[in-house]
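*Asks:* I am sharing work29.cif, which consists of mmCIF, C-alpha atoms:
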```cif
data_model
loop_
_atom_site.label_atom_id
_atom_site.label_comp_id
_atom_site.auth_asym_id
_atom_site.auth_seq_id
_atom_site.Cartn_x
_atom_site.Cartn_y
_atom_site.Cartn_z
CA ILE A 1 30.54 59.26 15.51
CA ALA A 2 28.76 56.32 13.85
CA CYS A 3 25.28 56.84 12.49
CA VAL A 4 22.74 54.00 12.66
CA PRO A 5 19.22 53.76 11.18
CA CYS A 6 16.30 54.87 13.30
CA ALA A 7 14.71 51.88 15.02
CA GLU A 8 11.22 50.60 14.20
CA SER A 9 8.51 53.11 15.12
CA PHE A 10 10.98 56.02 15.00
CA TYR A 11 11.85 58.49 12.25
CA LYS A 12 14.20 61.45 11.54
CA GLU A 13 13.41 63.98 8.84
CA PHE A 14 16.51 66.20 8.92
CA VAL A 15 20.23 65.73 8.56
CA GLY A 16 22.09 66.24 11.81
CA ASP A 17 23.00 64.73 15.09
CA ASP A 18 19.49 64.89 16.52
CA THR A 19 17.97 61.70 17.87
CA CYS A 20 15.16 59.91 16.06
CA SER A 21 11.60 60.86 17.03
CA PRO A 22 8.95 58.28 18.03
CA CYS A 23 5.98 57.78 15.76
CA PRO A 24 2.65 59.07 17.06
CA SER A 25 0.70 56.77 19.34
CA ASN A 26 -0.45 53.45 17.83
CA ARG A 27 1.72 53.93 14.73
CA TRP A 28 4.69 52.05 13.38
CA SER A 29 7.44 52.71 10.88
CA PRO A 30 10.15 50.48 9.37
CA PRO A 31 13.76 50.97 10.47
CA GLY A 32 15.42 54.01 8.96
CA ALA A 33 12.21 55.98 8.39
CA GLU A 34 12.97 59.46 7.05
CA SER A 35 9.55 61.04 7.57
CA VAL A 36 6.59 60.94 9.93
CA ASP A 37 4.60 60.00 6.83
CA ARG A 38 6.24 56.59 7.08
CA CYS A 39 4.48 56.10 10.42
CA ALA A 40 1.48 53.94 9.53
CA CYS A 41 -1.08 52.33 11.84
CA ASP A 42 0.49 49.61 13.94
CA LEU A 43 -0.91 46.07 13.95
CA GLY A 44 -4.19 46.00 15.85
CA TYR A 45 -5.01 49.57 14.82
CA ALA A 46 -6.59 51.07 11.72
CA GLY A 47 -8.27 54.12 10.28
CA GLU A 48 -7.28 57.72 9.81
CA ASN A 49 -6.66 58.14 13.53
CA CYS A 50 -5.26 54.63 14.04
CA ALA A 51 -8.02 53.58 16.43
CA ALA A 52 -7.84 50.21 18.10
CA CYS A 53 -9.64 47.34 16.34
CA GLU A 54 -12.87 46.80 18.24
CA LEU A 55 -13.77 43.55 19.98
CA GLY A 56 -14.28 40.78 17.48
CA LYS A 57 -11.81 42.25 14.96
CA PHE A 58 -8.07 42.15 14.39
CA ARG A 59 -5.37 43.53 12.08
CA GLU A 60 -2.32 41.37 11.54
CA ASP A 61 -1.22 42.46 8.05
CA ARG A 62 0.33 45.89 7.58
CA ASN A 63 -0.82 45.80 3.98
CA THR A 64 -4.44 45.52 5.07
CA ILE A 65 -6.05 48.88 5.76
CA PRO A 66 -9.20 48.04 7.79
CA CYS A 67 -9.53 45.67 10.72
CA THR A 68 -10.72 42.18 9.83
CA ALA A 69 -13.68 40.51 11.54
CA CYS A 70 -12.97 37.31 13.44
CA PRO A 71 -14.46 34.12 11.98
CA ALA A 72 -18.11 33.33 12.75
CA ASN A 73 -18.90 32.59 16.41
CA THR A 74 -15.56 33.92 17.63
CA THR A 75 -14.43 37.17 19.20
CA THR A 76 -11.42 38.78 20.84
CA LEU A 77 -10.97 39.30 24.56
CA SER A 78 -9.77 42.89 24.24
CA PRO A 79 -9.50 45.62 21.60
CA ALA A 80 -6.44 46.11 19.40
CA ALA A 81 -6.00 42.43 18.55
CA ASN A 82 -2.98 42.09 16.25
CA THR A 83 -3.40 38.48 15.15
CA SER A 84 -6.24 36.13 14.21
CA GLU A 85 -4.94 33.76 16.87
CA LEU A 86 -6.54 36.07 19.43
CA CYS A 87 -9.99 35.18 18.06
CA VAL A 88 -11.51 32.66 20.49
CA CYS A 89 -14.89 30.94 20.68
CA ASP A 90 -17.60 33.36 21.74
CA ARG A 91 -19.93 32.89 24.70
CA GLY A 92 -22.25 29.95 24.06
CA PHE A 93 -19.79 28.34 21.62
CA GLU A 94 -16.95 25.83 21.92
CA ALA A 95 -14.24 24.56 19.60
CA ASN A 96 -15.43 22.11 16.99
CA ALA A 97 -14.21 18.57 17.58
CA THR A 98 -12.52 18.75 14.18
CA GLY A 99 -10.53 21.75 15.39
CA LEU A 100 -12.06 23.99 12.75
CA GLY A 101 -14.29 26.80 13.95
CA CYS A 102 -16.66 26.99 16.89
CA VAL A 103 -20.04 25.31 17.34
CA PRO A 104 -22.93 26.17 19.69
CA CYS A 105 -23.10 24.54 23.09
CA ALA A 106 -25.48 21.58 22.89
CA THR A 107 -28.73 21.57 24.84
CA GLY A 108 -27.97 20.89 28.49
CA PHE A 109 -24.71 22.86 28.29
CA PHE A 110 -23.69 26.53 28.52
CA LYS A 111 -20.58 28.71 28.30
CA ALA A 112 -20.56 32.09 29.99
CA SER A 113 -17.30 33.55 28.71
CA ALA A 114 -15.38 33.83 25.47
CA ALA A 115 -12.51 31.34 25.52
CA GLN A 116 -11.20 28.21 23.84
CA THR A 117 -12.78 26.12 26.59
CA THR A 118 -15.52 23.50 26.39
CA CYS A 119 -19.12 24.17 27.32
CA GLU A 120 -20.14 23.36 30.89
CA ALA A 121 -22.85 20.82 31.66
CA CYS A 122 -26.01 22.01 33.40
CA PRO A 123 -26.56 20.80 36.98
CA GLU A 124 -28.29 17.47 37.53
CA ASN A 125 -31.95 17.27 36.45
CA THR A 126 -31.73 20.51 34.45
CA SER A 127 -31.26 21.37 30.80
CA THR A 128 -31.48 24.31 28.41
CA ALA A 129 -34.28 25.05 25.97
CA ASP A 130 -31.94 25.85 23.09
CA THR A 131 -28.38 25.37 21.90
CA GLY A 132 -25.80 28.11 22.39
CA SER A 133 -26.75 29.02 25.97
CA THR A 134 -24.50 31.61 27.59
CA LEU A 135 -25.62 31.57 31.23
CA ALA A 136 -26.09 29.00 33.98
CA THR A 137 -29.53 30.53 34.56
CA ALA A 138 -30.56 29.05 31.20
CA CYS A 139 -30.43 25.64 32.89
CA VAL A 140 -33.96 24.90 34.11
CA CYS A 141 -35.73 21.87 35.54
CA VAL A 142 -36.41 19.05 33.07
CA PRO A 143 -39.91 17.54 32.75
CA GLY A 144 -40.81 15.41 35.75
CA PHE A 145 -38.75 17.63 38.08
CA GLY A 146 -39.92 20.79 39.83
CA ALA A 147 -38.09 23.74 41.31
CA VAL A 148 -37.12 23.48 44.98
CA GLU A 149 -38.81 26.22 46.99
CA ASN A 150 -35.54 27.85 48.06
CA GLY A 151 -34.35 27.91 44.46
CA THR A 152 -31.35 25.64 45.01
CA GLY A 153 -32.15 23.02 42.41
CA CYS A 154 -34.74 20.63 41.05
CA GLU A 155 -36.40 17.66 42.72
CA ILE A 156 -38.46 14.84 41.27
CA CYS A 157 -42.19 15.50 41.13
CA ALA A 158 -43.89 13.82 44.08
CA GLU A 159 -46.58 11.18 43.68
CA ASN A 160 -49.85 12.51 42.27
CA THR A 161 -48.14 15.50 40.63
CA PHE A 162 -46.63 16.08 37.18
CA LYS A 163 -44.66 18.62 35.14
CA ALA A 164 -44.53 18.56 31.35
CA GLU A 165 -42.56 21.70 30.55
CA LEU A 166 -38.85 22.46 30.63
CA ALA A 167 -38.94 25.21 33.27
CA SER A 168 -38.01 25.92 36.86
CA VAL A 169 -41.56 25.89 38.18
CA ALA A 170 -43.40 23.74 40.70
CA CYS A 171 -45.00 20.44 39.76
CA THR A 172 -48.75 20.51 39.19
CA SER A 173 -51.18 18.38 41.15
CA CYS A 174 -53.09 15.68 39.30
CA PRO A 175 -56.84 16.24 38.95
CA ASP A 176 -58.96 15.32 41.98
CA PHE A 177 -59.24 11.57 42.49
CA ALA A 178 -56.36 10.85 40.07
CA GLU A 179 -52.95 9.45 40.95
CA ALA A 180 -49.49 9.17 39.40
CA GLY A 181 -46.09 7.83 40.35
CA GLN A 182 -43.05 10.01 41.07
CA GLY A 183 -41.57 11.93 38.17
CA ALA A 184 -44.72 12.09 36.03
CA VAL A 185 -44.08 14.21 32.94
CA THR A 186 -47.59 14.75 31.61
CA ARG A 187 -51.16 15.03 32.83
CA GLU A 188 -51.88 11.82 30.93
CA ASN A 189 -49.71 10.06 33.53
CA CYS A 190 -52.40 10.90 36.08
CA THR A 191 -54.91 8.04 36.02
CA CYS A 192 -58.23 7.94 37.82
CA ARG A 193 -58.37 6.03 41.08
CA GLU A 194 -60.35 2.84 41.36
CA THR A 195 -64.14 3.37 41.06
CA PHE A 196 -63.66 6.63 39.07
CA VAL A 197 -63.65 7.18 35.31
CA ALA A 198 -62.00 9.87 33.16
CA THR A 199 -63.97 12.60 31.43
CA ALA A 200 -63.16 13.95 27.98
CA ASP A 201 -61.21 16.77 29.71
CA GLY A 202 -59.10 14.32 31.70
CA ASP A 203 -60.86 14.92 35.01
CA CYS A 204 -62.13 12.07 37.18
CA THR A 205 -65.77 11.53 38.01
CA CYS A 206 -68.16 8.81 39.14
CA PRO A 207 -69.48 6.59 36.33
CA ALA A 208 -73.15 6.14 35.52
CA GLY A 209 -74.88 3.90 38.06
CA THR A 210 -72.74 5.24 40.95
CA SER A 211 -72.68 8.27 43.22
CA PHE A 212 -69.93 9.89 45.27
CA ASP A 213 -69.61 8.82 48.90
CA ASN A 214 -68.10 11.57 51.07
CA THR A 215 -67.11 9.21 53.84
CA SER A 216 -65.00 6.84 51.75
CA GLN A 217 -64.18 9.40 49.02
CA THR A 218 -65.08 6.76 46.43
CA CYS A 219 -67.87 6.11 43.94
CA LYS A 220 -70.41 3.57 45.16
CA ASP A 221 -73.17 1.78 43.29
CA CYS A 222 -76.55 3.41 43.34
CA ALA A 223 -78.63 1.73 46.03
CA ALA A 224 -81.42 -0.60 45.09
CA ASN A 225 -84.51 1.20 43.78
CA THR A 226 -82.39 4.14 42.48
CA TYR A 227 -80.52 4.85 39.24
CA LYS A 228 -78.17 7.38 37.61
CA PRO A 229 -77.91 7.61 33.82
CA LEU A 230 -74.86 9.90 33.42
CA PRO A 231 -71.37 10.15 34.91
CA GLY A 232 -70.99 12.78 37.61
CA PHE A 233 -71.00 13.41 41.32
CA GLU A 234 -74.75 13.89 41.56
CA ALA A 235 -76.87 11.69 43.78
CA CYS A 236 -78.72 8.74 42.32
CA GLN A 237 -82.36 9.31 41.42
CA THR A 238 -85.22 7.39 43.03
CA CYS A 239 -87.30 5.05 40.89
CA PRO A 240 -90.96 5.95 40.40
CA GLU A 241 -93.27 5.02 43.27
CA PHE A 242 -94.03 1.30 43.65
CA SER A 243 -91.12 0.32 41.34
CA VAL A 244 -87.82 -1.38 42.12
CA SER A 245 -84.35 -1.69 40.57
CA GLN A 246 -81.13 -3.49 41.27
CA ALA A 247 -78.16 -1.70 42.81
CA GLY A 248 -75.98 0.10 40.22
CA SER A 249 -78.82 0.76 37.77
CA VAL A 250 -77.95 3.25 35.04
CA ASN A 251 -81.33 3.89 33.45
CA ARG A 252 -84.84 4.68 34.61
CA THR A 253 -86.08 1.83 32.44
CA GLN A 254 -84.38 -0.55 34.87
CA CYS A 255 -87.03 0.50 37.39
CA THR A 256 -89.85 -2.09 37.10
CA CYS A 257 -93.13 -2.27 38.91
CA ARG A 258 -93.26 -4.24 42.14
CA ASP A 259 -95.36 -7.37 42.44
CA SER A 260 -99.08 -6.63 42.28
CA PHE A 261 -98.45 -3.38 40.35
CA GLU A 262 -98.33 -2.87 36.64
CA GLY A 263 -96.94 -0.23 34.28
CA PRO A 264 -94.18 0.28 31.72
CA ALA A 265 -90.51 -0.02 32.68
CA GLY A 266 -89.47 3.32 34.11
CA GLY A 267 -93.06 4.55 34.08
CA ASN A 268 -95.74 4.98 36.70
CA CYS A 269 -96.93 1.86 38.49
CA THR A 270 -100.61 1.37 39.34
CA CYS A 271 -102.90 -1.33 40.63
CA PRO A 272 -104.33 -3.41 37.82
CA ALA A 273 -108.07 -3.46 37.14
CA GLY A 274 -110.02 -5.66 39.51
#
```
Take the structure from the file and write it as structure tokens.

*Replies:*
Amino acid sequence: IACVPCAESFYKEFVGDDTCSPCPSNRWSPPGAESVDRCACDLGYAGENCAACELGKFREDRNTIPCTACPANTTTLSPAANTSELCVCDRGFEANATGLGCVPCATGFFKASAAQTTCEACPENTSTADTGSTLATACVCVPGFGAVENGTGCEICAENTFKAELASVACTSCPDFAEAGQGAVTRENCTCRETFVATADGDCTCPAGTSFDNTSQTCKDCAANTYKPLPGFEACQTCPEFSVSQAGSVNRTQCTCRDSFEGPAGGNCTCPAG
């Protein structure tokens, strides 16, 4: 009867015709092992109990006792990795163009799973706020585009609306009496309609010397013999009795006494002596 060495991961401690015994689970021994003590942790396993290397770690060298962490921004797809080649780019990362290491997905891209694949572009008219996005839900509407009501995408902001932020929200209406073209990206794109002027807050109002006309929804010059000194929607004020002014007057001093009356500009008008 010929005797041959025990195979890898087997051992035999005693002389005799008995067969070789397998090493305990997750352990390995070289050929011809003469003792269970020669059964060390197999590749991909480490520790006193030879536990599997956790995700993101591997053990490929039998001379290395602990598991080794994968390079930055990489991980493994399953425990017990037995080679560094099983370390792939993590979620939100793709292989560097140089072939060395993994880099975050650029803005406007995402990658939902760990793999040596490229990042996926966001749908049209959407982007991400940051690099390294891991989910398609990180893709939100770009400025100038608002979320569709049924949540199926983004559409260009309609006329007289705007959206400045990167977010899947509705476009905002311009201030009253302001207008903007499609795709406006800021409130400053909303400009006051003809006959209106902008306030310091960006709202639109009637300028001095005009009042708001409900019928035409425009600002119209103050009628003759009236005036208005400040911007606003208030009605024009009537000149003092027996005084007149031209249409569009902006100051009470533009009210002057009628013929045959006398008095200071903007003041009371009276009959002269005699």

*Asks:* Could you state which residues are captured by the PyMOL selection byres ((chain A and resi 268) around 12) in this file, as a CSV table (one decimal) with C-alpha atoms, keeping the file's coordinate frame?

*Replies:*
```
chain,number,residue,atom,x,y,z
A,239,CYS,CA,-87.3,5.0,40.9
A,240,PRO,CA,-91.0,6.0,40.4
A,241,GLU,CA,-93.3,5.0,43.3
A,242,PHE,CA,-94.0,1.3,43.6
A,243,SER,CA,-91.1,0.3,41.3
A,244,VAL,CA,-87.8,-1.4,42.1
A,252,ARG,CA,-84.8,4.7,34.6
A,253,THR,CA,-86.1,1.8,32.4
A,255,CYS,CA,-87.0,0.5,37.4
A,256,THR,CA,-89.8,-2.1,37.1
A,257,CYS,CA,-93.1,-2.3,38.9
A,258,ARG,CA,-93.3,-4.2,42.1
A,261,PHE,CA,-98.4,-3.4,40.4
A,262,GLU,CA,-98.3,-2.9,36.6
A,263,GLY,CA,-96.9,-0.2,34.3
A,264,PRO,CA,-94.2,0.3,31.7
A,265,ALA,CA,-90.5,0.0,32.7
A,266,GLY,CA,-89.5,3.3,34.1
A,267,GLY,CA,-93.1,4.6,34.1
A,269,CYS,CA,-96.9,1.9,38.5
A,270,THR,CA,-100.6,1.4,39.3
A,271,CYS,CA,-102.9,-1.3,40.6
```

*Asks:* From the options A:Thr238, A:Thr226, A:Thr107, A:Ser168, which residue's atoms come nearest to Thr137 in chain A, counting all atoms listed in the file?

*Replies:*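 Of all the options, A:Ser168 lies closest to Thr137 in chain A.
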
*Asks:* Which is closest to Asn63 in chain A among A:Ala51, A:Ala81, A:Gln246, A:Cys41, if we use only C-alpha atoms?

*Replies:*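 Looking only at the distances to Asn63 in chain A, the closest residue turns out to be A:Cys41.
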
*Asks:* Nearest to Ala112 in chain A: which of A:Ala136, A:Ala167, A:Cys89, A:Ala158 is it, counting all atoms listed in the file?

*Replies:* A:Ala136

*Asks:* Taking into account only C-alpha atoms, which residue in the set A:Asn160, A:Ser113, A:Ser84, A:Ser35 is nearest to Val15 in chain A?

*Replies:*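 For Val15 in chain A, the nearest of the candidates is A:Ser35.
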
*Asks:* Mind pulling up the distance from CA of Pro175 in chain A to CA of Thr205 in chain A?

*Replies:*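 So the answer is 10.1 Å.
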
*Asks:* Which residue, A:Ser29, A:Thr126, A:Thr83, A:Ser78, has the smallest gap to Phe58 in chain A when you use all atoms listed in the file?

*Replies:* A:Thr83

*Asks:* Hey, which of A:Pro66, A:Pro79, A:Gly32, A:Gly132 ends up closest to Cys105 in chain A? Count only C-alpha atoms.

*Replies:* A:Gly132

*Asks:* Just to confirm, what's the straight-line distance from CA of Cys222 in chain A to CA of Asp203 in chain A in Å (one decimal)?

*Replies:*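 Distance reported for this atom pair: 21.2 Å.
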
*Asks:* For the atom pair CA of Phe177 in chain A and CA of Cys204 in chain A, what is the interatomic distance in Å to one decimal place?

*Replies:*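 Value for the CA of Phe177 in chain A-CA of Cys204 in chain A distance: 6.1 Å.
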
*Asks:* Just want the 8 Å neighbourhood of Pro207 in chain A, counted on only C-alpha atoms, with same-chain residues fewer than 5 positions away dropped. Output as a list of chain:residue names.

*Replies:*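 Close residues of Pro207 in chain A: A:Thr195, A:Phe196, A:Val197, A:Cys219, A:Leu230, A:Pro231, A:Gly232.
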
*Asks:* Take the point (-45.7, 9.5, 41.7) as written in the file and pick out every residue within 7 Å of it, counting all atoms listed in the file; give the list as a PDB file with C-alpha atoms, in the frame of the given file.

*Replies:*
```
ATOM      1  CA  CYS A 157     -42.190  15.500  41.130  1.00  0.00           C
ATOM      2  CA  ALA A 158     -43.890  13.820  44.080  1.00  0.00           C
ATOM      3  CA  GLU A 159     -46.580  11.180  43.680  1.00  0.00           C
ATOM      4  CA  ASN A 160     -49.850  12.510  42.270  1.00  0.00           C
ATOM      5  CA  THR A 161     -48.140  15.500  40.630  1.00  0.00           C
ATOM      6  CA  ALA A 180     -49.490   9.170  39.400  1.00  0.00           C
ATOM      7  CA  GLY A 181     -46.090   7.830  40.350  1.00  0.00           C
ATOM      8  CA  GLN A 182     -43.050  10.010  41.070  1.00  0.00           C
ATOM      9  CA  GLY A 183     -41.570  11.930  38.170  1.00  0.00           C
ATOM     10  CA  ALA A 184     -44.720  12.090  36.030  1.00  0.00           C
TER      11      ALA A 184
END
```

*Asks:* Thr75 in chain A: which residues within 12 Å, counting all atoms listed in the file, same-chain residues fewer than 6 positions away excluded, as a PDB file with C-alpha atoms, keeping the file's coordinate frame?

*Replies:*
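Resulting contents of part_38.pdb:
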```pdb
ATOM      1  CA  CYS A  53      -9.640  47.340  16.340  1.00  0.00           C
ATOM      2  CA  GLU A  54     -12.870  46.800  18.240  1.00  0.00           C
ATOM      3  CA  LEU A  55     -13.770  43.550  19.980  1.00  0.00           C
ATOM      4  CA  GLY A  56     -14.280  40.780  17.480  1.00  0.00           C
ATOM      5  CA  LYS A  57     -11.810  42.250  14.960  1.00  0.00           C
ATOM      6  CA  PHE A  58      -8.070  42.150  14.390  1.00  0.00           C
ATOM      7  CA  THR A  68     -10.720  42.180   9.830  1.00  0.00           C
ATOM      8  CA  ALA A  69     -13.680  40.510  11.540  1.00  0.00           C
ATOM      9  CA  ALA A  81      -6.000  42.430  18.550  1.00  0.00           C
ATOM     10  CA  THR A  83      -3.400  38.480  15.150  1.00  0.00           C
ATOM     11  CA  SER A  84      -6.240  36.130  14.210  1.00  0.00           C
ATOM     12  CA  GLU A  85      -4.940  33.760  16.870  1.00  0.00           C
ATOM     13  CA  LEU A  86      -6.540  36.070  19.430  1.00  0.00           C
ATOM     14  CA  CYS A  87      -9.990  35.180  18.060  1.00  0.00           C
ATOM     15  CA  VAL A  88     -11.510  32.660  20.490  1.00  0.00           C
ATOM     16  CA  CYS A  89     -14.890  30.940  20.680  1.00  0.00           C
ATOM     17  CA  ASP A  90     -17.600  33.360  21.740  1.00  0.00           C
ATOM     18  CA  ARG A  91     -19.930  32.890  24.700  1.00  0.00           C
ATOM     19  CA  GLY A  92     -22.250  29.950  24.060  1.00  0.00           C
ATOM     20  CA  PHE A  93     -19.790  28.340  21.620  1.00  0.00           C
ATOM     21  CA  GLU A  94     -16.950  25.830  21.920  1.00  0.00           C
ATOM     22  CA  GLY A 101     -14.290  26.800  13.950  1.00  0.00           C
ATOM     23  CA  CYS A 102     -16.660  26.990  16.890  1.00  0.00           C
ATOM     24  CA  SER A 113     -17.300  33.550  28.710  1.00  0.00           C
ATOM     25  CA  ALA A 114     -15.380  33.830  25.470  1.00  0.00           C
ATOM     26  CA  ALA A 115     -12.510  31.340  25.520  1.00  0.00           C
ATOM     27  CA  GLN A 116     -11.200  28.210  23.840  1.00  0.00           C
TER      28      GLN A 116
END
```

*Asks:* Identify all residues satisfying the PyMOL selection byres ((chain A and resi 133) around 7) in the given file; provide them as a list in words.

*Replies:*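 Output of the PyMOL selection byres ((chain A and resi 133) around 7): Gly92, Cys105, Phe109, Phe110, Lys111, Asp130, Thr131, Gly132, Thr134, Leu135 and Ala138 of chain A.
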
*Asks:* Please identify all polymer residues within 9 Å of Asp61 in chain A, counting only C-alpha atoms, omitting same-chain residues fewer than 3 positions from it, and present them as a list in words.

*Replies:* Leu43, Thr64, Ile65, Asn82 and Thr83 of chain A

*Asks:* Please provide as a PyMOL selection string all residues within 10 Å of Glu13 in chain A, with the sequence filter that same-chain residues fewer than 5 positions apart are discarded (counting all atoms listed in the file).

*Replies:* chain A and resi 18+20-21+33-37

*Asks:* The PyMOL selection byres ((chain A and resi 208-217) around 8) on the file shown: which residues, as a PyMOL selection string?

*Replies:* chain A and resi 206-207+218-222+227-236+248-251

*Asks:* Any idea what's packed within 6 Å of Cys190 in chain A, counting only C-alpha atoms, ignoring anything in its chain fewer than 6 positions away? Could you give it as a list in words?

*Replies:*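 The residues that qualify are Cys174, Ala178, Glu179 and Ala180 of chain A.
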